[in-house]
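K.L.:
What follows is entry.pdb, PDB, C-alpha atoms.
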ATOM      1  CA  MET A   1       5.932  27.736 -27.099  1.00  0.00           C
ATOM      2  CA  ARG A   2       6.899  26.203 -23.733  1.00  0.00           C
ATOM      3  CA  THR A   3       7.991  29.616 -22.508  1.00  0.00           C
ATOM      4  CA  ILE A   4       4.642  31.180 -23.402  1.00  0.00           C
ATOM      5  CA  VAL A   5       2.621  28.377 -21.794  1.00  0.00           C
ATOM      6  CA  LEU A   6       4.719  28.452 -18.614  1.00  0.00           C
ATOM      7  CA  LEU A   7       4.498  32.255 -18.420  1.00  0.00           C
ATOM      8  CA  ALA A   8       0.721  32.026 -18.786  1.00  0.00           C
ATOM      9  CA  LEU A   9       0.510  29.454 -15.982  1.00  0.00           C
ATOM     10  CA  SER A  10       2.777  31.502 -13.732  1.00  0.00           C
ATOM     11  CA  ASN A  11       0.692  34.575 -14.445  1.00  0.00           C
ATOM     12  CA  ILE A  12      -2.452  32.826 -13.262  1.00  0.00           C
ATOM     13  CA  PHE A  13      -0.744  32.167  -9.921  1.00  0.00           C
ATOM     14  CA  MET A  14       0.584  35.733  -9.828  1.00  0.00           C
ATOM     15  CA  THR A  15      -2.839  37.261 -10.477  1.00  0.00           C
ATOM     16  CA  PHE A  16      -4.387  35.216  -7.679  1.00  0.00           C
ATOM     17  CA  ALA A  17      -1.490  36.075  -5.341  1.00  0.00           C
ATOM     18  CA  TRP A  18      -1.870  39.789  -6.028  1.00  0.00           C
ATOM     19  CA  TYR A  19      -5.638  40.196  -6.127  1.00  0.00           C
ATOM     20  CA  ALA A  20      -7.682  37.204  -4.890  1.00  0.00           C
ATOM     21  CA  HIS A  21      -7.186  38.223  -1.254  1.00  0.00           C
ATOM     22  CA  LEU A  22      -9.279  41.319  -1.990  1.00  0.00           C
ATOM     23  CA  LYS A  23     -12.257  39.009  -2.382  1.00  0.00           C
ATOM     24  CA  ASN A  24     -11.434  35.937  -0.307  1.00  0.00           C
ATOM     25  CA  LEU A  25      -9.575  37.400   2.661  1.00  0.00           C
ATOM     26  CA  ARG A  26     -11.230  40.794   2.932  1.00  0.00           C
ATOM     27  CA  ALA A  27     -12.092  40.296   6.611  1.00  0.00           C
ATOM     28  CA  ALA A  28      -8.754  38.681   7.517  1.00  0.00           C
ATOM     29  CA  PRO A  29      -5.867  40.716   8.913  1.00  0.00           C
ATOM     30  CA  TRP A  30      -3.459  42.006   6.266  1.00  0.00           C
ATOM     31  CA  TYR A  31      -0.630  39.762   7.465  1.00  0.00           C
ATOM     32  CA  ILE A  32      -2.758  36.665   6.801  1.00  0.00           C
ATOM     33  CA  ALA A  33      -3.375  37.930   3.262  1.00  0.00           C
ATOM     34  CA  VAL A  34       0.377  38.488   2.875  1.00  0.00           C
ATOM     35  CA  ALA A  35       1.194  34.957   4.049  1.00  0.00           C
ATOM     36  CA  VAL A  36      -1.378  33.391   1.732  1.00  0.00           C
ATOM     37  CA  SER A  37      -0.232  35.564  -1.174  1.00  0.00           C
ATOM     38  CA  TRP A  38       3.416  34.626  -0.558  1.00  0.00           C
ATOM     39  CA  GLY A  39       2.412  30.969  -0.551  1.00  0.00           C
ATOM     40  CA  ILE A  40       0.710  31.357  -3.922  1.00  0.00           C
ATOM     41  CA  ALA A  41       3.589  33.463  -5.289  1.00  0.00           C
ATOM     42  CA  PHE A  42       6.023  30.687  -4.391  1.00  0.00           C
ATOM     43  CA  PHE A  43       4.351  28.445  -6.970  1.00  0.00           C
ATOM     44  CA  GLU A  44       4.302  31.311  -9.454  1.00  0.00           C
ATOM     45  CA  TYR A  45       8.078  31.650  -9.140  1.00  0.00           C
ATOM     46  CA  LEU A  46       8.570  27.891  -9.507  1.00  0.00           C
ATOM     47  CA  ILE A  47       7.072  28.265 -13.002  1.00  0.00           C
ATOM     48  CA  GLN A  48       8.107  31.801 -13.968  1.00  0.00           C
ATOM     49  CA  VAL A  49      11.842  31.498 -13.322  1.00  0.00           C
ATOM     50  CA  PRO A  50      12.288  28.365 -15.474  1.00  0.00           C
ATOM     51  CA  ALA A  51      10.063  29.897 -18.178  1.00  0.00           C
ATOM     52  CA  ASN A  52      12.251  32.981 -18.418  1.00  0.00           C
ATOM     53  CA  ARG A  53      15.437  30.918 -18.309  1.00  0.00           C
ATOM     54  CA  MET A  54      14.132  28.710 -21.144  1.00  0.00           C
ATOM     55  CA  GLY A  55      12.982  31.681 -23.188  1.00  0.00           C
ATOM     56  CA  TYR A  56      16.046  33.860 -22.761  1.00  0.00           C
ATOM     57  CA  GLY A  57      18.183  33.376 -25.820  1.00  0.00           C
ATOM     58  CA  THR A  58      15.244  32.559 -28.063  1.00  0.00           C
ATOM     59  CA  PHE A  59      13.709  35.869 -26.980  1.00  0.00           C
ATOM     60  CA  SER A  60      15.485  39.022 -25.903  1.00  0.00           C
ATOM     61  CA  LEU A  61      14.971  40.385 -22.417  1.00  0.00           C
ATOM     62  CA  GLY A  62      12.669  43.090 -23.785  1.00  0.00           C
ATOM     63  CA  GLN A  63      10.647  40.554 -25.725  1.00  0.00           C
ATOM     64  CA  LEU A  64      10.204  38.416 -22.603  1.00  0.00           C
ATOM     65  CA  LYS A  65       8.983  41.456 -20.673  1.00  0.00           C
ATOM     66  CA  ILE A  66       6.483  42.588 -23.312  1.00  0.00           C
ATOM     67  CA  MET A  67       5.282  39.006 -23.743  1.00  0.00           C
ATOM     68  CA  GLN A  68       4.688  38.877 -19.988  1.00  0.00           C
ATOM     69  CA  GLU A  69       2.675  42.105 -20.117  1.00  0.00           C
ATOM     70  CA  VAL A  70       0.464  40.763 -22.910  1.00  0.00           C
ATOM     71  CA  ILE A  71      -0.067  37.548 -20.968  1.00  0.00           C
ATOM     72  CA  THR A  72      -0.810  39.572 -17.834  1.00  0.00           C
ATOM     73  CA  LEU A  73      -3.626  41.450 -19.567  1.00  0.00           C
ATOM     74  CA  ALA A  74      -4.949  38.241 -21.151  1.00  0.00           C
ATOM     75  CA  VAL A  75      -5.100  36.594 -17.700  1.00  0.00           C
ATOM     76  CA  PHE A  76      -6.200  39.663 -15.738  1.00  0.00           C
ATOM     77  CA  VAL A  77      -9.275  40.575 -17.804  1.00  0.00           C
ATOM     78  CA  PRO A  78     -11.071  37.219 -17.379  1.00  0.00           C
ATOM     79  CA  PHE A  79      -9.978  37.131 -13.733  1.00  0.00           C
ATOM     80  CA  ALA A  80     -11.372  40.615 -13.085  1.00  0.00           C
ATOM     81  CA  VAL A  81     -14.638  39.940 -14.895  1.00  0.00           C
ATOM     82  CA  TYR A  82     -15.417  36.346 -13.928  1.00  0.00           C
ATOM     83  CA  TYR A  83     -13.681  35.887 -10.576  1.00  0.00           C
ATOM     84  CA  MET A  84     -13.853  39.364  -9.096  1.00  0.00           C
ATOM     85  CA  GLY A  85     -17.178  40.323 -10.705  1.00  0.00           C
ATOM     86  CA  GLN A  86     -15.874  43.549 -12.247  1.00  0.00           C
ATOM     87  CA  PRO A  87     -17.583  44.985 -15.333  1.00  0.00           C
ATOM     88  CA  LEU A  88     -15.998  44.401 -18.712  1.00  0.00           C
ATOM     89  CA  LYS A  89     -14.811  47.792 -19.964  1.00  0.00           C
ATOM     90  CA  LEU A  90     -13.579  49.132 -23.259  1.00  0.00           C
ATOM     91  CA  ASP A  91     -10.503  50.292 -21.350  1.00  0.00           C
ATOM     92  CA  TYR A  92      -9.227  46.708 -21.522  1.00  0.00           C
ATOM     93  CA  LEU A  93      -9.488  46.848 -25.308  1.00  0.00           C
ATOM     94  CA  TRP A  94      -7.576  50.140 -25.442  1.00  0.00           C
ATOM     95  CA  ALA A  95      -4.913  48.723 -23.132  1.00  0.00           C
ATOM     96  CA  GLY A  96      -4.667  45.724 -25.449  1.00  0.00           C
ATOM     97  CA  CYS A  97      -4.198  48.057 -28.416  1.00  0.00           C
ATOM     98  CA  CYS A  98      -1.355  49.804 -26.607  1.00  0.00           C
ATOM     99  CA  LEU A  99       0.235  46.443 -25.857  1.00  0.00           C
ATOM    100  CA  ALA A 100      -0.153  45.464 -29.525  1.00  0.00           C
ATOM    101  CA  GLY A 101       1.938  48.526 -30.342  1.00  0.00           C
ATOM    102  CA  ALA A 102       4.525  47.462 -27.775  1.00  0.00           C
ATOM    103  CA  VAL A 103       4.606  43.977 -29.298  1.00  0.00           C
ATOM    104  CA  PHE A 104       5.115  45.474 -32.754  1.00  0.00           C
ATOM    105  CA  PHE A 105       8.033  47.626 -31.687  1.00  0.00           C
ATOM    106  CA  ILE A 106       9.801  45.055 -29.497  1.00  0.00           C
ATOM    107  CA  PHE A 107       9.485  42.183 -31.992  1.00  0.00           C
ATOM    108  CA  ARG A 108      10.277  44.025 -35.218  1.00  0.00           C
ATOM    109  CA  GLY A 109      13.543  43.319 -36.961  1.00  0.00           C
TER     110      GLY A 109
END
Please re-express this file's structure in structure tokens.
P.N.:
Amino acid sequence: MRTIVLLALSNIFMTFAWYAHLKNLRAAPWYIAVAVSWGIAFFEYLIQVPANRMGYGTFSLGQLKIMQEVITLAVFVPFAVYYMGQPLKLDYLWAGCCLAGAVFFIFRG
């Protein structure tokens, strides 16, 4: 459970590092956005690396990756809708269904 919680926290930082500059630093030069994003990503890595190290052994490498993708979608959709003001689309549901299939195949037997 610690791995999942830490991956979720790291993913929040990652999502902000990758996309928040599109809203908050739109008028700033790209190199400022890069510096700010790197600063945020530093904290993401401080959480993500230990999470993967803790989880590896309990989970396989493939399971960690698919888990991260599910968490990414679970974090990205609210971020896109509430923070970035994007419309909620059925495409997110279909993407979730595809990830459910990935979860099934990577976690089975």
K.L.:
Written as a PyMOL selection string, which residues does the PyMOL selection byres ((chain A and resi 47) around 12) give for the file shown?
P.N.:
chain A and resi 2-14+40-46+48-54
K.L.:
Residues within 8 Å of region 91-97 of chain A, please, as a list of chain:residue names. Count all atoms listed in the file; anything in the same chain fewer than 6 positions from it doesn't count.
P.N.:
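With the cut-off at 8 Å, the set is A:Val70, A:Leu73, A:Val77.
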K.L.:
I want to know what sits within 12 Å of Leu25 (chain A), based on only C-alpha atoms, with residues of the same chain fewer than 5 positions away left out; could you give that as a list in words?
P.N.:
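With the cut-off at 12 Å, the set is Phe16, Ala17, Trp18, Tyr19, Ala20, Trp30, Tyr31, Ile32, Ala33, Val34, Ala35, Val36 and Ser37 of chain A.
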K.L.:
Could you please determine the separation between CA of Phe59 (chain A) and CA of Gly101 (chain A) in Å, to one decimal place?
P.N.:
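About the pair CA of Phe59 (chain A) and CA of Gly101 (chain A): they are 17.6 Å apart.
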K.L.:
Provide the CA of Met84 (chain A) to CA of Met1 (chain A) distance in Å, to one decimal place.
P.N.:
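The value is 29.2 Å.
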K.L.:
Residues at most 10 Å from Glu69 (chain A), counting all atoms listed in the file, excluding those fewer than 4 positions away in the same chain, as a VMD selection string?
P.N.:
chain A and resid 11 63 to 65 73 to 75 96 99 102 to 103
K.L.:
Do you know which residues are at most 10 Å from Gly62 (chain A) counting all atoms listed in the file, after dropping those on the same chain fewer than 6 positions away, and could you put them as a ChimeraX atom specification?
P.N.:
/A:56,68,103,106-107
K.L.:
For the selection just defined, write its residues with C-alpha atoms to a file, as a PDB file, in the frame of the given file.
P.N.:
ATOM      1  CA  TYR A  56      16.046  33.860 -22.761  1.00  0.00           C
ATOM      2  CA  GLN A  68       4.688  38.877 -19.988  1.00  0.00           C
ATOM      3  CA  VAL A 103       4.606  43.977 -29.298  1.00  0.00           C
ATOM      4  CA  ILE A 106       9.801  45.055 -29.497  1.00  0.00           C
ATOM      5  CA  PHE A 107       9.485  42.183 -31.992  1.00  0.00           C
TER       6      PHE A 107
END
K.L.:
CA of Ser60 (chain A) to CA of Thr72 (chain A): how many Å, to one decimal?
P.N.:
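Going from CA of Ser60 (chain A) over to CA of Thr72 (chain A) covers 18.2 Å.
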K.L.:
Please write out, as AutoDock Vina command-line options, where the centre of an axis-aligned box around all listed atoms of region 86-101 of chain A lies and how long its edges are, in Å to one decimal, after adding 6 Å on each side.
P.N.:
--center_x -7.8 --center_y 46.9 --center_z -21.3 --size_x 31.5 --size_y 18.7 --size_z 30.1
